[in-house]
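> One structure, pasted below without further comment.
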Amino acid sequence: MQIEIGKASVLDVYQFVTGLVTPRPIAWVTTRSAQGAINLAPFSFYNAFGANPPVVVFSPTLRRDGTKKDTLRNIERDGEFVINASVERYLEAINLSSRELPPEESELELVGLSAESSMLVAPPRVAGTPFAFECRLRQLLPIGDGPISANLVIGDVVSIYVDESILDDKRRPDPRKVQAVARLGGEYWCRTSDLFQLPRP
């Protein structure tokens, strides 16, 4: 099978990309709406791209009707956001927070969680999250202008909150304690419970 992108439908391309580039970590992002509501949404086009300075990139794609998602609008306006831990104990809340709500309604309330103030940015973190990255926008790069087109949000991490319960005896993050979850294709997810070690050469 060969897929020529220029001749394939957008949805078909999306299904193949998200089904083959796996597992994808999830940026569970909090922002503030113009009305002050706390917006919370998951994005599986996400990763870290540096440590000096620490930089994260995620993409709130345009909706299937070509309009901007609330997270993107909020970041365009305020230039700040928080990436919360996507971990197994919040799996149902992460999934539920993907529901489309009006901008003035809070997904945080929808999933039954509360907020905790950030140290350096206005958007709060999810209370109880084992870690969170407070970020300021470095660059916003739109790629395309149609349905599901990308908007690369490049953010500088200005502060990291870490709950000490997920640290090992060297005070480093322990993946066995973090218990991250990730997206696969379609409605499939995975847990980071099948771990193994492989020393670098």
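Order determines the names: the first chain of the structure tokens is A, the second B, and so forth; residues in each chain are numbered 1 upward, and ligands are numbered 1 upward as they are shown.
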With a distance cut-off of 6 Å and only C-alpha atoms, select the neighbouring residues of range 126-136 of chain A, excluding the residue or stretch itself and same-chain residues fewer than 4 positions from it, and output the selection as a ChimeraX atom specification.

/A:79-85,114-116,155-163

> Just the selected residues (C-alpha atoms), exported as a tab-separated table (two decimals), in the first residue's frame, please.


chain	number	residue	atom	x	y	z
A	79	GLY	CA	1.07	33.89	25.55
A	80	GLU	CA	1.00	31.54	28.55
A	81	PHE	CA	-0.04	27.95	29.26
A	82	VAL	CA	0.60	25.02	31.57
A	83	ILE	CA	1.19	21.42	30.51
A	84	ASN	CA	-0.10	19.06	33.17
A	85	ALA	CA	0.90	15.43	33.70
A	114	SER	CA	-9.82	21.87	40.79
A	115	ALA	CA	-7.06	24.34	40.02
A	116	GLU	CA	-3.91	25.31	41.87
A	155	GLY	CA	6.89	27.27	24.56
A	156	ASP	CA	9.72	28.06	26.94
A	157	VAL	CA	9.35	26.16	30.21
A	158	VAL	CA	9.84	28.81	32.89
A	159	SER	CA	9.03	26.65	35.92
A	160	ILE	CA	8.52	22.94	36.62
A	161	TYR	CA	6.33	21.70	39.45
A	162	VAL	CA	7.15	18.15	40.59
A	163	ASP	CA	5.47	16.17	43.37

> As an NGL selection string, please: every residue in range 22-171 of chain A that a backbone DSSP assignment puts in helix (DSSP H, G or I).

:A and (70-78 or 88-96 or 107-110 or 164-166)

> Excluding range 173-175 of chain A and any residue of its chain fewer than 4 positions from it, enumerate the residues within 12 Å of it, using only C-alpha atoms, and give them as a ChimeraX atom specification.

/A:87-88,130-131,161-169,179-181,191-197

> For the structure I just gave you, how does DSSP split range 41-188 of chain A - specifically, which residues are strand (DSSP E)? Reply as a PyMOL selection string.

chain A and resi 41-43+46-51+54-58+80-84+115-116+125-126+131-143+150-162+181-183

> CA of Arg89 in chain A and CA of Arg24 in chain A are how many Å apart?

17.7 Å

> List the neighbours of Glu105 in chain A out to 12 Å using only C-alpha atoms; skip same-chain residues closer than 2 positions along the sequence, and give me the result as a list in words.

Arg32, Ser33, Ala34, Gln35, Gly36, Ala37, Ile38, Asn39, Leu40, Asp70, Ser97, Arg99, Glu100, Leu101, Pro102, Pro103, Glu107, Leu108, Glu109, Leu110 and Val111 of chain A

> Do a neighbour search on Asn95 in chain A at 9 Å with only C-alpha atoms, toss out local chain neighbours closer than 4 positions, and write the hits as an mmCIF file with all heavy atoms, in the first residue's frame.


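Everything below was put into part.cif:
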data_model
loop_
_atom_site.group_PDB
_atom_site.id
_atom_site.type_symbol
_atom_site.label_atom_id
_atom_site.label_comp_id
_atom_site.auth_asym_id
_atom_site.auth_seq_id
_atom_site.Cartn_x
_atom_site.Cartn_y
_atom_site.Cartn_z
ATOM 1 N N ALA A 41 -7.482 20.977 27.990
ATOM 2 C CA ALA A 41 -7.653 20.126 26.816
ATOM 3 C C ALA A 41 -6.399 19.305 26.553
ATOM 4 O O ALA A 41 -5.285 19.763 26.798
ATOM 5 C CB ALA A 41 -7.980 20.982 25.589
ATOM 6 N N PRO A 42 -6.576 18.066 26.046
ATOM 7 C CA PRO A 42 -5.432 17.205 25.729
ATOM 8 C C PRO A 42 -5.037 17.308 24.256
ATOM 9 O O PRO A 42 -5.895 17.433 23.380
ATOM 10 C CB PRO A 42 -5.979 15.803 26.043
ATOM 11 C CG PRO A 42 -7.443 15.896 25.715
ATOM 12 C CD PRO A 42 -7.852 17.324 25.973
ATOM 13 N N TYR A 90 -5.501 9.923 35.951
ATOM 14 C CA TYR A 90 -6.358 10.946 35.359
ATOM 15 C C TYR A 90 -6.866 10.564 33.965
ATOM 16 O O TYR A 90 -7.396 11.411 33.246
ATOM 17 C CB TYR A 90 -5.596 12.276 35.250
ATOM 18 C CG TYR A 90 -5.345 12.958 36.568
ATOM 19 C CD1 TYR A 90 -4.088 13.475 36.868
ATOM 20 C CD2 TYR A 90 -6.352 13.111 37.506
ATOM 21 C CE1 TYR A 90 -3.848 14.113 38.078
ATOM 22 C CE2 TYR A 90 -6.116 13.749 38.716
ATOM 23 C CZ TYR A 90 -4.866 14.240 38.999
ATOM 24 O OH TYR A 90 -4.636 14.877 40.186
ATOM 25 N N LEU A 91 -6.726 9.303 33.603
ATOM 26 C CA LEU A 91 -7.044 8.895 32.231
ATOM 27 C C LEU A 91 -8.463 9.281 31.812
ATOM 28 O O LEU A 91 -8.675 9.848 30.736
ATOM 29 C CB LEU A 91 -6.831 7.387 32.076
ATOM 30 C CG LEU A 91 -7.127 6.792 30.697
ATOM 31 C CD1 LEU A 91 -6.299 7.476 29.613
ATOM 32 C CD2 LEU A 91 -6.847 5.288 30.708
ATOM 33 N N ARG A 99 -13.791 17.008 25.207
ATOM 34 C CA ARG A 99 -15.123 17.437 24.751
ATOM 35 C C ARG A 99 -15.104 18.927 24.415
ATOM 36 O O ARG A 99 -14.517 19.738 25.132
ATOM 37 C CB ARG A 99 -16.172 17.150 25.835
ATOM 38 C CG ARG A 99 -17.595 17.577 25.433
ATOM 39 C CD ARG A 99 -18.580 17.325 26.548
ATOM 40 N NE ARG A 99 -18.747 15.900 26.760
ATOM 41 C CZ ARG A 99 -19.514 15.390 27.728
ATOM 42 N NH1 ARG A 99 -20.150 16.192 28.563
ATOM 43 N NH2 ARG A 99 -19.627 14.079 27.851
#

> Of the candidates A:Asn151, A:Ala8, A:Arg138, A:Gly146, which shows the shortest atom-to-atom distance to Arg73 in chain A, using only C-alpha atoms?

A:Asn151

> So, with only C-alpha atoms as the atoms that count, which of A:Gln15, A:Asn47, A:Gln139, A:Thr67 lies closest to Ile3 in chain A?

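Closest to Ile3 in chain A, using only C-alpha atoms: A:Gln15.
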
> Using only C-alpha atoms, find the one residue out of A:Ala48, A:Leu11, A:Ile154, A:Met119 that sits nearest to Pro142 in chain A.

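Looking at the shortest contact to Pro142 in chain A, the residue is A:Ile154.
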
> Using CA of Val56 in chain A and CA of Ala182 in chain A as the two end points, give the distance in Å to one decimal.

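According to the coordinates, CA of Val56 in chain A and CA of Ala182 in chain A are separated by 16.4 Å.
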